file my_file-v5.csv (CSV, C-alpha atoms and all ligand atoms)
chain,number,residue,atom,x,y,z
A,1,MET,CA,124.8,68.8,83.4
A,2,THR,CA,127.2,65.9,83.1
A,3,GLY,CA,129.7,65.1,85.8
A,4,TYR,CA,132.5,66.2,83.6
A,5,ASN,CA,130.9,69.6,82.8
A,6,CYS,CA,130.2,70.1,86.4
A,7,LEU,CA,133.9,69.6,87.3
A,8,TRP,CA,134.9,71.8,84.5
A,9,ILE,CA,132.7,74.7,85.6
A,10,LYS,CA,133.8,74.3,89.2
A,11,ARG,CA,137.5,74.6,88.0
A,12,LYS,CA,136.6,77.6,85.9
A,13,PHE,CA,135.0,79.3,88.9
A,14,VAL,CA,138.1,78.7,90.9
A,15,GLU,CA,140.2,80.3,88.2
A,16,LEU,CA,137.8,83.2,87.9
A,17,ARG,CA,137.9,83.7,91.7
A,18,GLU,CA,141.7,83.7,91.7
A,19,SER,CA,141.7,86.3,88.8
A,20,PHE,CA,139.6,88.5,91.1
A,21,GLY,CA,142.2,88.3,93.8
A,22,GLY,CA,140.8,85.2,95.5
A,23,LYS,CA,139.4,87.1,98.5
A,24,CYS,CA,136.6,89.3,99.5
A,25,GLN,CA,137.1,92.7,97.8
A,26,ILE,CA,135.8,94.8,100.7
A,27,PRO,CA,139.0,96.4,101.9
A,28,ASN,CA,138.5,95.9,105.6
A,29,CYS,CA,137.2,92.3,105.2
A,30,GLY,CA,139.4,90.3,102.8
A,31,SER,CA,137.9,87.0,103.8
A,32,ILE,CA,138.8,84.0,101.7
A,33,GLU,CA,135.8,81.9,102.8
A,34,LYS,CA,132.4,81.5,101.3
A,35,LEU,CA,133.2,83.7,98.3
A,36,GLU,CA,130.5,84.7,95.9
A,37,PHE,CA,130.2,86.9,92.8
A,38,ALA,CA,128.0,89.9,93.5
A,39,HIS,CA,126.4,92.0,90.8
A,40,ILE,CA,127.6,95.6,91.2
A,41,LYS,CA,126.1,96.8,87.9
A,42,ASP,CA,123.2,95.3,86.0
A,43,THR,CA,123.9,92.9,83.2
A,44,GLU,CA,121.5,91.2,80.8
A,45,LEU,CA,121.7,88.2,83.1
A,46,MET,CA,119.7,89.9,85.9
A,47,GLY,CA,116.5,87.9,86.6
A,48,ARG,CA,116.6,85.2,84.0
A,49,GLY,CA,118.8,82.4,82.7
A,50,ARG,CA,121.1,82.3,85.7
A,51,GLY,CA,122.5,78.9,85.3
A,52,ARG,CA,126.2,78.3,86.2
A,53,PHE,CA,127.4,78.4,82.5
A,54,GLU,CA,125.5,81.6,81.8
A,55,ARG,CA,126.8,83.2,84.9
A,56,TYR,CA,130.4,82.2,84.2
A,57,TYR,CA,130.1,83.6,80.7
A,58,ASP,CA,128.5,86.7,82.0
A,59,ILE,CA,131.2,87.4,84.6
A,60,ILE,CA,134.1,86.9,82.1
A,61,HIS,CA,132.5,89.2,79.6
A,62,HIS,CA,131.3,91.8,82.1
A,63,ARG,CA,134.1,91.8,84.7
A,64,ASP,CA,133.4,95.3,85.8
A,65,CYS,CA,129.8,94.4,86.6
A,66,TYR,CA,130.9,92.0,89.3
A,67,ALA,CA,132.8,92.0,92.6
A,68,LEU,CA,134.1,89.0,94.5
A,69,LEU,CA,132.6,89.2,98.0
A,70,CYS,CA,132.3,86.8,100.9
A,71,GLN,CA,128.8,85.7,101.7
A,72,GLU,CA,128.5,88.1,104.7
A,73,CYS,CA,129.6,91.2,102.7
A,74,HIS,CA,127.5,90.1,99.7
A,75,HIS,CA,124.5,90.1,102.0
A,76,LYS,CA,125.3,93.5,103.5
A,77,PHE,CA,126.1,95.0,100.1
A,78,ASP,CA,122.8,93.8,98.7
A,79,LYS,CA,120.9,95.2,101.7
A,80,GLY,CA,122.7,98.5,101.1
A,81,ASP,CA,124.5,98.4,104.5
A,82,ILE,CA,128.0,98.8,103.1
A,83,ASP,CA,129.5,100.1,99.9
A,84,LEU,CA,132.3,98.5,98.0
A,85,GLN,CA,134.9,100.5,99.9
A,86,GLY,CA,133.6,98.8,103.0
A,87,ASN,CA,132.0,102.0,104.4
A,88,ASN,CA,129.4,101.2,106.8
A,89,LEU,CA,126.3,102.9,105.5
A,90,ASP,CA,124.3,101.9,108.5
A,91,ALA,CA,126.7,103.8,110.8
A,92,GLU,CA,126.5,106.8,108.4
A,93,ASN,CA,122.7,106.7,108.6
A,94,GLU,CA,122.8,106.4,112.4
A,95,LYS,CA,125.1,109.5,112.6
A,96,PHE,CA,122.8,111.4,110.4
A,97,TRP,CA,119.7,110.5,112.4
A,98,ASN,CA,121.4,111.2,115.7
A,99,GLU,CA,122.4,114.6,114.5
A,100,ALA,CA,119.0,115.3,113.0
A,101,PHE,CA,117.2,114.4,116.2
A,102,SER,CA,119.6,116.0,118.7
A,103,ILE,CA,117.8,118.1,121.2
A,104,ASN,CA,119.4,121.5,122.0
A,105,GLY,CA,122.7,120.1,120.7
A,106,ASN,CA,122.5,117.1,123.1
A,107,LYS,CA,122.8,113.7,121.5
A,108,ILE,CA,120.0,111.3,122.2
A,109,ILE,CA,121.7,108.5,124.1
A,110,ARG,CA,120.1,105.1,124.0
A,111,ALA,CA,119.7,103.6,127.5
A,112,THR,CA,121.8,100.6,126.4
A,113,GLU,CA,124.8,102.7,125.3
A,114,GLY,CA,126.1,104.6,128.3
A,115,GLY,CA,125.6,104.0,132.0
A,116,GLU,CA,123.6,107.2,132.4
A,117,ASN,CA,120.0,107.3,131.6
A,118,PRO,CA,119.3,110.8,130.1
A,119,ALA,CA,115.7,110.6,131.5
A,120,GLN,CA,117.0,110.8,135.0
A,121,ASN,CA,118.9,114.1,134.5
B,1,ZN,ZN,133.8,90.1,103.1
call {"tool": "encode", "arguments": {"input": "my_file-v5.csv", "output": "structure tokens", "more": "lines below"}}
Ligand SMILES: [Zn+2]
result
Amino acid sequence: MTGYNCLWIKRKFVELRESFGGKCQIPNCGSIEKLEFAHIKDTELMGRGRGRFERYYDIIHHRDCYALLCQECHHKFDKGDIDLQGNNLDAENEKFWNEAFSINGNKIIRATEGGENPAQN
């Protein structure tokens, strides 16, 4: 890629970022740092031909397949820890497992959480 094209695509990405609101789209985050485009639906671009021009073209033609996320949220989203509304799926899972494994209605309390160690009762 020539220097000129490189600058051009950089500028285009800035424009594109602004058109997505210029900040992380997770409602309770909204970071303006380390923003990245995350795939939220599959496009033909998945897996192959992921150069910057191809990616730029893909985003403007499939806007609804992308979200603008900060690096941290992108990572969490890809891991399945949060959804696009910012719901913490990890916490949901933990709640589910805590309830599933409660003994006689008592929550299992990890030793690190409260002062009391349930094993001493
Ligand atoms: Zn974020």
call {"tool": "closest_atom_pairs", "arguments": {"input": "my_file-v5.csv", "of": "region 53-92 of chain A", "to": "region 21-36 of chain A", "cutoff": "6 Å", "atoms": "all atoms listed in the file", "output": "JSON lines"}}
result
{"residue": "A:Leu68", "atom": "CA", "partner": "A:Cys24", "partner_atom": "CA", "distance": 5.6}
{"residue": "A:Leu69", "atom": "CA", "partner": "A:Cys24", "partner_atom": "CA", "distance": 4.3}
{"residue": "A:Cys70", "atom": "CA", "partner": "A:Leu35", "partner_atom": "CA", "distance": 4.1}
{"residue": "A:Gln71", "atom": "CA", "partner": "A:Lys34", "partner_atom": "CA", "distance": 5.5}
{"residue": "A:Leu84", "atom": "CA", "partner": "A:Ile26", "partner_atom": "CA", "distance": 5.8}
{"residue": "A:Gln85", "atom": "CA", "partner": "A:Ile26", "partner_atom": "CA", "distance": 5.8}
{"residue": "A:Gly86", "atom": "CA", "partner": "A:Ile26", "partner_atom": "CA", "distance": 5.1}
call {"tool": "write_last_selection", "arguments": {"input": "my_file-v5.csv", "atoms": "C-alpha atoms", "output": "compact mmCIF listing (two decimals), keeping the file's coordinate frame"}}
result
# COMPACT_ATOMS: atom_id res chain seq x y z
CA LEU A 68 134.10 89.00 94.50
CA LEU A 69 132.60 89.20 98.00
CA CYS A 70 132.30 86.80 100.90
CA GLN A 71 128.80 85.70 101.70
CA LEU A 84 132.30 98.50 98.00
CA GLN A 85 134.90 100.50 99.90
CA GLY A 86 133.60 98.80 103.00
call {"tool": "atom_distance", "arguments": {"input": "my_file-v5.csv", "atom1": "CA of Asn5 (chain A)", "atom2": "CA of Arg52 (chain A)"}}
result
10.5 Å
call {"tool": "atom_distance", "arguments": {"input": "my_file-v5.csv", "atom1": "CA of Glu72 (chain A)", "atom2": "CA of Gly3 (chain A)"}}
result
29.8 Å
call {"tool": "closest_residue", "arguments": {"input": "my_file-v5.csv", "among": "A:Cys6, A:Leu45, A:Val14, A:Cys73", "to": "ligand ZN 1 (chain B)", "atoms": "only C-alpha atoms and all ligand atoms"}}
result
A:Cys73
call {"tool": "residues_near_point", "arguments": {"input": "my_file-v5.csv", "point": "(119.7, 102.9, 100.5)", "cutoff": "10 Å", "atoms": "all atoms listed in the file", "output": "ChimeraX atom specification"}}
result
/A:78-82,89-90,93
call {"tool": "closest_residue", "arguments": {"input": "my_file-v5.csv", "among": "A:Tyr66, A:Trp97, A:Phe77, A:Tyr56", "to": "ligand ZN 1 (chain B)", "atoms": "only C-alpha atoms and all ligand atoms"}}
result
A:Phe77
call {"tool": "closest_residue", "arguments": {"input": "my_file-v5.csv", "among": "A:Phe20, A:Gly51, A:Lys41, A:Lys76", "to": "ligand ZN 1 (chain B)", "atoms": "all atoms listed in the file"}}
result
A:Lys76
call {"tool": "atom_distance", "arguments": {"input": "my_file-v5.csv", "atom1": "CA of Glu44 (chain A)", "atom2": "CA of Cys65 (chain A)"}}
result
10.6 Å
call {"tool": "closest_residue", "arguments": {"input": "my_file-v5.csv", "among": "A:Ala38, A:Leu7, A:His62, A:Thr43", "to": "ligand ZN 1 (chain B)", "atoms": "all atoms listed in the file"}}
result
A:Ala38
call {"tool": "closest_residue", "arguments": {"input": "my_file-v5.csv", "among": "A:Trp8, A:Tyr57, A:Phe37, A:Phe13", "to": "ligand ZN 1 (chain B)", "atoms": "all atoms listed in the file"}}
result
A:Phe37
call {"tool": "closest_residue", "arguments": {"input": "my_file-v5.csv", "among": "A:Asp83, A:Asp42, A:Asp58, A:Glu94", "to": "ligand ZN 1 (chain B)", "atoms": "only C-alpha atoms and all ligand atoms"}}
result
A:Asp83
